[in-house]
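Engineer: Structure file coords37.cif (mmCIF, C-alpha atoms and all ligand atoms) is given on the next line.
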data_run
loop_
_atom_site.label_atom_id
_atom_site.label_comp_id
_atom_site.auth_asym_id
_atom_site.auth_seq_id
_atom_site.Cartn_x
_atom_site.Cartn_y
_atom_site.Cartn_z
CA MET A 1 160.96 245.15 -22.57
CA LYS A 2 164.63 245.92 -21.95
CA MET A 3 166.00 244.33 -18.81
CA GLN A 4 169.10 245.03 -16.81
CA ASN A 5 171.18 242.82 -14.60
CA SER A 6 172.26 244.36 -11.30
CA THR A 7 175.35 242.14 -10.96
CA LEU A 8 178.51 244.00 -11.92
CA GLY A 9 181.20 242.01 -13.71
CA SER A 10 183.15 241.71 -16.90
CA LEU A 11 180.00 240.74 -18.82
CA THR A 12 177.76 243.46 -17.40
CA ASN A 13 174.65 243.94 -19.52
CA ARG A 14 175.83 241.64 -22.26
CA VAL A 15 173.02 239.47 -23.50
CA ALA A 16 173.71 235.74 -23.61
CA LEU A 17 171.73 232.73 -24.75
CA VAL A 18 172.69 229.30 -23.43
CA THR A 19 170.88 226.40 -25.09
CA GLY A 20 170.07 223.28 -23.07
CA ALA A 21 170.62 225.27 -19.89
CA SER A 22 168.18 223.65 -17.47
CA SER A 23 170.73 221.07 -16.26
CA GLY A 24 174.29 219.79 -16.50
CA ILE A 25 176.97 221.75 -18.33
CA GLY A 26 174.48 224.30 -19.72
CA LYS A 27 173.21 225.13 -16.23
CA ALA A 28 176.74 225.74 -14.92
CA ILE A 29 177.50 227.95 -17.92
CA ALA A 30 174.31 230.00 -17.40
CA GLN A 31 175.16 230.45 -13.70
CA ARG A 32 178.70 231.50 -14.49
CA LEU A 33 177.79 234.03 -17.19
CA ALA A 34 175.04 235.51 -14.98
CA SER A 35 177.50 235.78 -12.07
CA GLU A 36 179.68 237.91 -14.33
CA GLY A 37 176.83 240.27 -15.12
CA ALA A 38 175.36 238.89 -18.34
CA ILE A 39 171.61 238.81 -18.90
CA VAL A 40 171.21 235.10 -19.56
CA TYR A 41 168.46 233.46 -21.58
CA ILE A 42 168.07 229.94 -20.18
CA ASN A 43 166.87 227.77 -23.07
CA TYR A 44 165.09 224.53 -22.16
CA ARG A 45 162.96 222.01 -24.03
CA GLY A 46 160.88 220.05 -21.49
CA GLN A 47 162.23 220.96 -18.07
CA ALA A 48 160.37 224.22 -17.46
CA SER A 49 160.45 223.91 -13.68
CA LYS A 50 164.21 223.35 -13.65
CA ALA A 51 164.75 226.39 -15.90
CA LYS A 52 162.53 228.50 -13.65
CA SER A 53 164.31 227.39 -10.51
CA LEU A 54 167.67 228.19 -12.15
CA ALA A 55 166.37 231.67 -13.00
CA ALA A 56 165.32 232.08 -9.34
CA GLN A 57 168.75 230.95 -8.10
CA ILE A 58 170.42 233.45 -10.42
CA GLN A 59 168.10 236.21 -9.27
CA ALA A 60 168.79 235.40 -5.61
CA LYS A 61 172.44 236.20 -6.34
CA GLY A 62 171.59 239.53 -7.95
CA GLY A 63 171.74 238.27 -11.54
CA LEU A 64 169.23 237.97 -14.33
CA GLY A 65 168.24 234.68 -15.95
CA ILE A 66 165.24 234.37 -18.25
CA PRO A 67 163.81 230.94 -19.12
CA ILE A 68 162.98 230.50 -22.80
CA ARG A 69 161.50 227.35 -24.33
CA ALA A 70 162.59 225.92 -27.68
CA ASP A 71 163.23 222.46 -29.02
CA ILE A 72 166.59 222.89 -30.75
CA SER A 73 165.74 220.19 -33.29
CA LYS A 74 162.87 222.37 -34.60
CA GLU A 75 163.60 225.35 -36.83
CA SER A 76 160.24 227.00 -36.02
CA ASP A 77 161.00 226.90 -32.27
CA ILE A 78 164.44 228.41 -32.87
CA LYS A 79 162.96 231.22 -34.97
CA LYS A 80 160.50 232.10 -32.22
CA MET A 81 163.22 232.05 -29.58
CA PHE A 82 165.41 234.48 -31.55
CA GLN A 83 162.41 236.73 -32.34
CA LYS A 84 161.68 236.97 -28.61
CA ILE A 85 165.29 237.85 -27.72
CA THR A 86 165.38 240.40 -30.55
CA SER A 87 162.17 242.08 -29.40
CA ASP A 88 163.22 242.06 -25.72
CA GLN A 89 166.86 243.09 -26.03
CA LYS A 90 167.55 244.19 -29.62
CA ARG A 91 170.91 242.43 -29.34
CA LEU A 92 172.72 239.21 -28.61
CA ASP A 93 176.36 239.29 -27.51
CA ILE A 94 176.96 235.66 -26.60
CA LEU A 95 175.55 232.37 -27.85
CA VAL A 96 176.53 229.13 -26.16
CA ASN A 97 175.33 226.24 -28.31
CA ASN A 98 175.18 223.60 -25.62
CA ALA A 99 171.95 221.66 -26.23
CA GLY A 100 172.60 218.13 -27.32
CA LEU A 101 171.74 214.51 -26.76
CA GLU A 102 173.32 211.10 -27.11
CA SER A 103 171.86 207.63 -27.49
CA LYS A 104 173.54 204.31 -28.10
CA ALA A 105 172.89 202.72 -31.49
CA PRO A 106 175.42 200.28 -33.01
CA ILE A 107 175.76 200.99 -36.73
CA LEU A 108 174.26 197.66 -37.91
CA LYS A 109 171.12 198.35 -35.93
CA MET A 110 170.97 202.14 -36.11
CA LYS A 111 167.59 203.35 -37.30
CA THR A 112 167.36 206.35 -39.59
CA LYS A 113 165.29 208.04 -36.90
CA ASP A 114 168.12 207.50 -34.33
CA TRP A 115 170.54 209.18 -36.73
CA ASP A 116 168.14 212.03 -37.54
CA LEU A 117 167.34 212.87 -33.92
CA VAL A 118 170.97 213.15 -32.87
CA ILE A 119 172.11 215.00 -36.00
CA ASN A 120 169.08 217.30 -36.00
CA THR A 121 169.53 218.30 -32.38
CA ASN A 122 173.31 218.43 -32.03
CA LEU A 123 174.52 219.54 -35.45
CA ARG A 124 171.57 221.06 -37.32
CA GLY A 125 170.34 222.75 -34.13
CA SER A 126 173.78 224.23 -33.47
CA PHE A 127 173.92 225.49 -37.05
CA LEU A 128 170.44 227.05 -36.90
CA CYS A 129 171.16 228.83 -33.61
CA ALA A 130 174.64 229.92 -34.73
CA ARG A 131 173.29 231.32 -38.00
CA ALA A 132 170.49 233.23 -36.25
CA ALA A 133 172.93 234.57 -33.63
CA ALA A 134 175.52 235.54 -36.24
CA GLN A 135 172.88 237.45 -38.23
CA MET A 136 172.04 239.48 -35.11
CA MET A 137 175.70 239.98 -34.20
CA ALA A 138 176.68 241.00 -37.75
CA LYS A 139 174.42 244.07 -37.54
CA ARG A 140 176.37 245.39 -34.54
CA LYS A 141 179.73 243.93 -35.62
CA THR A 142 180.36 242.26 -32.30
CA GLY A 143 179.68 238.90 -30.73
CA VAL A 144 181.00 235.57 -29.53
CA ILE A 145 179.69 232.11 -30.31
CA ILE A 146 180.76 229.07 -28.31
CA ASN A 147 179.84 225.64 -29.56
CA ILE A 148 179.99 222.73 -27.15
CA SER A 149 181.20 219.61 -28.93
CA SER A 150 182.95 216.70 -27.21
CA VAL A 151 186.20 214.76 -27.11
CA HIS A 152 184.27 212.63 -29.60
CA GLU A 153 184.80 215.27 -32.26
CA THR A 154 188.11 213.43 -32.59
CA ILE A 155 187.88 210.14 -30.58
CA PRO A 156 185.75 207.51 -32.33
CA TRP A 157 183.23 205.87 -29.97
CA GLY A 158 181.70 202.49 -30.82
CA GLY A 159 177.91 202.58 -30.70
CA TYR A 160 177.76 206.33 -31.17
CA ALA A 161 178.56 207.02 -34.84
CA HIS A 162 175.76 209.59 -35.10
CA TYR A 163 176.94 211.37 -31.95
CA CYS A 164 180.60 211.39 -33.08
CA ALA A 165 179.61 212.61 -36.56
CA SER A 166 177.52 215.41 -35.01
CA LYS A 167 180.35 216.53 -32.74
CA SER A 168 182.97 216.39 -35.49
CA GLY A 169 180.56 218.39 -37.65
CA ILE A 170 180.22 221.00 -34.90
CA MET A 171 184.01 221.34 -34.82
CA MET A 172 184.17 222.09 -38.57
CA LEU A 173 181.12 224.34 -38.36
CA THR A 174 183.02 226.29 -35.70
CA LYS A 175 186.19 226.64 -37.73
CA THR A 176 184.44 227.60 -40.94
CA MET A 177 182.19 230.13 -39.23
CA ALA A 178 185.22 231.60 -37.44
CA LEU A 179 186.89 232.09 -40.82
CA GLU A 180 183.85 233.73 -42.40
CA LEU A 181 182.90 235.95 -39.49
CA ALA A 182 186.27 237.26 -38.28
CA SER A 183 185.99 240.39 -40.42
CA LEU A 184 182.68 241.18 -38.67
CA ASN A 185 184.32 241.00 -35.23
CA ILE A 186 182.47 237.81 -34.38
CA ARG A 187 184.56 235.10 -32.74
CA VAL A 188 183.51 231.45 -32.92
CA ASN A 189 185.15 228.83 -30.72
CA ASN A 190 184.54 225.25 -29.78
CA ILE A 191 184.80 223.62 -26.36
CA ALA A 192 185.25 219.85 -26.31
CA PRO A 193 184.44 218.33 -22.90
CA GLY A 194 185.44 214.81 -21.91
CA ALA A 195 183.66 212.83 -19.17
CA ILE A 196 181.88 215.38 -17.00
CA SER A 197 179.56 214.68 -14.05
CA THR A 198 176.22 215.56 -15.61
CA PRO A 199 172.84 213.78 -15.94
CA ILE A 200 173.98 212.42 -19.35
CA ASN A 201 176.50 210.26 -17.48
CA ASP A 202 174.23 209.26 -14.57
CA SER A 203 173.85 205.72 -15.91
CA TRP A 204 177.45 204.77 -15.09
CA ILE A 205 179.00 207.40 -12.87
CA HIS A 206 177.94 205.59 -9.68
CA LYS A 207 178.89 202.14 -10.97
CA PRO A 208 182.53 201.55 -9.93
CA ALA A 209 183.29 198.88 -12.57
CA ILE A 210 182.13 201.04 -15.50
CA LYS A 211 183.60 204.17 -13.97
CA LYS A 212 186.99 202.43 -13.82
CA VAL A 213 186.89 201.72 -17.56
CA VAL A 214 186.31 205.43 -18.21
CA LEU A 215 188.90 206.59 -15.66
CA ASP A 216 191.49 204.32 -17.29
CA LYS A 217 191.22 206.57 -20.35
CA ILE A 218 191.74 209.80 -18.42
CA PRO A 219 195.31 210.71 -17.41
CA GLU A 220 193.98 213.01 -14.65
CA GLN A 221 192.11 209.98 -13.26
CA ARG A 222 188.91 211.82 -12.45
CA ILE A 223 185.64 212.95 -13.95
CA GLY A 224 185.42 216.68 -14.67
CA THR A 225 182.84 219.09 -13.29
CA PRO A 226 180.37 221.28 -15.18
CA GLU A 227 181.98 224.27 -13.45
CA GLU A 228 185.31 223.43 -15.06
CA VAL A 229 183.67 223.63 -18.47
CA ALA A 230 181.87 226.86 -17.49
CA GLY A 231 185.22 228.40 -16.51
CA ALA A 232 186.54 227.81 -20.01
CA VAL A 233 183.41 229.35 -21.54
CA SER A 234 183.79 232.37 -19.27
CA TYR A 235 187.34 232.89 -20.52
CA LEU A 236 186.56 232.39 -24.21
CA VAL A 237 183.64 234.82 -24.21
CA SER A 238 185.62 237.45 -22.32
CA ASP A 239 187.60 240.26 -23.90
CA GLU A 240 190.76 238.54 -22.58
CA ALA A 241 190.26 236.02 -25.38
CA ARG A 242 189.76 238.63 -28.09
CA TYR A 243 192.53 237.17 -30.29
CA ILE A 244 191.19 233.62 -30.10
CA THR A 245 188.89 232.31 -32.80
CA GLY A 246 188.33 228.97 -34.52
CA ILE A 247 189.87 226.79 -31.81
CA SER A 248 188.74 223.58 -30.15
CA LEU A 249 189.57 223.70 -26.46
CA PHE A 250 189.58 220.27 -24.82
CA ILE A 251 188.42 220.14 -21.19
CA ASP A 252 189.04 216.46 -20.68
CA GLY A 253 191.73 215.71 -18.07
CA GLY A 254 193.95 214.60 -20.95
CA MET A 255 191.52 212.05 -22.41
CA THR A 256 192.46 212.97 -25.98
CA LEU A 257 196.14 212.27 -25.26
CA TYR A 258 195.73 208.50 -25.33
CA SER A 259 194.34 206.03 -27.78
CA SER A 260 191.52 203.98 -26.22
CA PHE A 261 193.47 200.85 -27.04
CA LEU A 262 196.63 201.81 -25.18
CA LYS A 263 197.22 199.33 -22.34
CA GLN A 264 198.99 200.60 -19.21
CA GLY A 265 201.93 198.22 -18.53
C1 LIG B 1 179.73 212.13 -23.63
C2 LIG B 1 179.87 211.34 -22.35
C3 LIG B 1 181.16 210.57 -22.34
C4 LIG B 1 182.32 211.49 -22.67
C5 LIG B 1 183.64 210.74 -22.74
C6 LIG B 1 180.95 212.97 -23.86
O1 LIG B 1 180.81 213.62 -25.06
O2 LIG B 1 178.59 212.96 -23.54
O3 LIG B 1 178.76 210.48 -22.22
O4 LIG B 1 181.36 210.01 -21.06
O5 LIG B 1 182.09 212.13 -23.89
O6 LIG B 1 183.55 209.58 -23.51
#
Starting from the coordinates I provided, produce the structure as structure tokens.

Structural biologist:
Amino acid sequence: MKMQNSTLGSLTNRVALVTGASSGIGKAIAQRLASEGAIVYINYRGQASKAKSLAAQIQAKGGLGIPIRADISKESDIKKMFQKITSDQKRLDILVNNAGLESKAPILKMKTKDWDLVINTNLRGSFLCARAAAQMMAKRKTGVIINISSVHETIPWGGYAHYCASKSGIMMLTKTMALELASLNIRVNNIAPGAISTPINDSWIHKPAIKKVVLDKIPEQRIGTPEEVAGAVSYLVSDEARYITGISLFIDGGMTLYSSFLKQG
């Protein structure tokens, strides 16, 4: 079944897959790419109703969003997801590797299963999706892959060694893939968000005392929005960015400019 999106834009009829797209940053990215004309596969794991309602919102605006279930920590799920996209569309132009999770686990108490879950979802899942996408893109010698890492690809974060290791790994996965795939006209870039208002940050974003601790680390003195991250994705997947590959683009209000230990005097 080949589907077309009626929205006209710079991404008209390009086929995109956004992982972890039922909420937060992934949702904003899916909305943005669909608004520019891409046919967007909305990957979700458990939140089917949210993915369906996002597809309906996109459709109401004249776009095309297609929910697709897969647990990114499971290779068999990923295989099925790519088989479905291949049989529906015969192509994939854009992959946004956004699915990820974080959980606090100080190193002395971290269980092997805590480590495995975060690494398997964030890093191994990004690799499996990127490899499957690159194999599809290589056949047509065109494509763009965006990996979503974090400021914690470079800023260490106590209690989150597994998360930081996964995000740093994503950054090097990006750079190495960019190097290998440039000759096939496949660009691979990394976006590294800072503190963004998403469900992942719900536990502290409405608590002024904790929020202040985070804001003290952000020169712009505010939390970013998912739409600000989506804007960067929109640029990097566009033809305007055709000479850009292998970068990490920080969307963090300057968070990476300061050491966490710097005291304002
Ligand atoms: C994490 C957020 C955190 C932010 C800045 C992100 O990668 O997902 O929970 O607030 O980094 O520390």

Engineer: A:Ala178, A:Ala241, A:Ile186, A:Leu123: which is nearest Lys139 (chain A), counting only C-alpha atoms?

Structural biologist: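 Among A:Ala178, A:Ala241, A:Ile186, A:Leu123, it is A:Ile186 that comes nearest to Lys139 (chain A).
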
Engineer: Could you build a table of the residues in chain A lying no more than 6 Å from ligand LIG 1 (chain B), giving for each the nearest pair of atoms and their separation in Å rounded to one decimal place, using only C-alpha atoms and all ligand atoms, ordered by chain and ascending residue number, as a Markdown table?

Structural biologist:
| residue | atom | partner | partner_atom | distance |
| --- | --- | --- | --- | --- |
| A:Ser150 | CA | B:LIG1 | O1 | 4.3 |
| A:Val151 | CA | B:LIG1 | O5 | 5.8 |
| A:His152 | CA | B:LIG1 | O1 | 5.8 |
| A:Gly194 | CA | B:LIG1 | C5 | 4.5 |
| A:Ala195 | CA | B:LIG1 | C4 | 4.0 |
| A:Ile200 | CA | B:LIG1 | O3 | 5.9 |
| A:Asn201 | CA | B:LIG1 | O3 | 5.3 |

Engineer: Between CA of Ala133 (chain A) and CA of Ala28 (chain A), what is the distance in Å, rounded to a tenth?

Structural biologist: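 Value for the CA of Ala133 (chain A)-CA of Ala28 (chain A) distance: 21.0 Å.
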
Engineer: Excluding region 155-171 of chain A and residues on its chain fewer than 6 positions from it, collect all residues at most 9 Å away from it, counting all atoms listed in the file, and give them as a PyMOL selection string.

Structural biologist: chain A and resi 101-107+110+114-116+118-124+126-127+147-149+189-192+246-248+256+259-260

Engineer: Point out the residue among A:Leu92, A:Leu184, A:Met81, A:Leu54 with the least atom-to-atom distance to Ile39 (chain A), counting all atoms listed in the file.

Structural biologist: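 Distance minimum relative to Ile39 (chain A) lands on A:Leu92.
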
Engineer: Taking (173.4, 233.0, -22.9) in the coordinates of the supplied file, I want to know which residues reach to within 6 Å of it, counting all atoms listed in the file; could you give the answer as a VMD selection string?

Structural biologist: chain A and resid 16 to 18 40 to 41 94 to 96

Engineer: How would region 69-80 of chain A of the given structure read as a file with all heavy atoms, as a short mmCIF file (atom, residue, chain, number, x, y, z; two decimals), in the first residue's frame?

Structural biologist:
data_model
loop_
_atom_site.label_atom_id
_atom_site.label_comp_id
_atom_site.auth_asym_id
_atom_site.auth_seq_id
_atom_site.Cartn_x
_atom_site.Cartn_y
_atom_site.Cartn_z
N ARG A 69 3.96 -0.01 16.03
CA ARG A 69 4.45 -0.44 17.34
C ARG A 69 5.77 -1.18 17.24
O ARG A 69 5.96 -1.98 16.32
CB ARG A 69 3.42 -1.37 18.00
CG ARG A 69 3.51 -1.35 19.52
CD ARG A 69 2.98 -2.61 20.18
NE ARG A 69 4.00 -3.67 20.22
CZ ARG A 69 4.99 -3.76 21.12
NH1 ARG A 69 5.09 -2.86 22.09
NH2 ARG A 69 5.88 -4.72 21.05
N ALA A 70 6.67 -0.91 18.12
CA ALA A 70 7.90 -1.70 18.25
C ALA A 70 8.58 -1.30 19.54
O ALA A 70 8.66 -0.10 19.85
CB ALA A 70 8.85 -1.47 17.08
N ASP A 71 9.04 -2.28 20.28
CA ASP A 71 9.87 -2.01 21.46
C ASP A 71 11.32 -1.95 20.95
O ASP A 71 11.86 -2.95 20.45
CB ASP A 71 9.67 -3.16 22.46
CG ASP A 71 10.55 -3.00 23.70
OD1 ASP A 71 11.52 -2.22 23.66
OD2 ASP A 71 10.27 -3.67 24.70
N ILE A 72 11.91 -0.77 21.08
CA ILE A 72 13.23 -0.53 20.47
C ILE A 72 14.33 -1.35 21.15
O ILE A 72 15.43 -1.51 20.60
CB ILE A 72 13.53 1.00 20.48
CG1 ILE A 72 12.48 1.75 19.63
CG2 ILE A 72 14.92 1.34 20.00
CD1 ILE A 72 12.34 1.29 18.20
N SER A 73 14.04 -1.90 22.32
CA SER A 73 15.06 -2.76 22.95
C SER A 73 15.00 -4.19 22.41
O SER A 73 15.78 -5.04 22.81
CB SER A 73 14.90 -2.76 24.48
OG SER A 73 13.71 -3.45 24.85
N LYS A 74 14.06 -4.47 21.49
CA LYS A 74 13.92 -5.84 20.97
C LYS A 74 14.20 -5.90 19.46
O LYS A 74 13.48 -5.30 18.65
CB LYS A 74 12.50 -6.34 21.22
CG LYS A 74 12.13 -6.38 22.68
CD LYS A 74 11.06 -7.44 22.95
CE LYS A 74 10.89 -7.69 24.42
NZ LYS A 74 9.85 -6.86 25.04
N GLU A 75 15.22 -6.67 19.11
CA GLU A 75 15.62 -6.74 17.70
C GLU A 75 14.48 -7.26 16.82
O GLU A 75 14.28 -6.79 15.70
CB GLU A 75 16.86 -7.62 17.55
CG GLU A 75 17.42 -7.58 16.13
CD GLU A 75 18.82 -8.18 16.01
OE1 GLU A 75 19.27 -8.86 16.95
OE2 GLU A 75 19.45 -7.97 14.96
N SER A 76 13.72 -8.25 17.34
CA SER A 76 12.64 -8.83 16.52
C SER A 76 11.56 -7.79 16.21
O SER A 76 11.03 -7.74 15.10
CB SER A 76 12.05 -10.06 17.20
OG SER A 76 11.65 -9.71 18.51
N ASP A 77 11.25 -6.95 17.17
CA ASP A 77 10.27 -5.87 16.95
C ASP A 77 10.78 -4.90 15.88
O ASP A 77 10.03 -4.45 15.01
CB ASP A 77 10.05 -5.06 18.24
CG ASP A 77 9.05 -5.70 19.18
OD1 ASP A 77 8.82 -6.92 19.07
OD2 ASP A 77 8.51 -4.99 20.05
N ILE A 78 12.07 -4.57 15.97
CA ILE A 78 12.64 -3.61 15.02
C ILE A 78 12.60 -4.19 13.60
O ILE A 78 12.24 -3.51 12.64
CB ILE A 78 14.08 -3.23 15.44
CG1 ILE A 78 14.01 -2.41 16.74
CG2 ILE A 78 14.80 -2.44 14.34
CD1 ILE A 78 15.34 -2.07 17.35
N LYS A 79 12.92 -5.48 13.49
CA LYS A 79 12.89 -6.13 12.17
C LYS A 79 11.50 -6.03 11.56
O LYS A 79 11.34 -5.68 10.39
CB LYS A 79 13.26 -7.61 12.32
CG LYS A 79 14.72 -7.85 12.13
CD LYS A 79 15.00 -9.34 11.97
CE LYS A 79 16.50 -9.55 11.88
NZ LYS A 79 16.93 -10.84 12.37
N LYS A 80 10.49 -6.34 12.38
CA LYS A 80 9.11 -6.30 11.87
C LYS A 80 8.72 -4.88 11.46
O LYS A 80 8.06 -4.67 10.44
CB LYS A 80 8.13 -6.79 12.95
CG LYS A 80 8.03 -8.28 13.01
CD LYS A 80 6.92 -8.72 13.97
CE LYS A 80 7.37 -9.96 14.72
NZ LYS A 80 6.97 -10.04 16.11
#
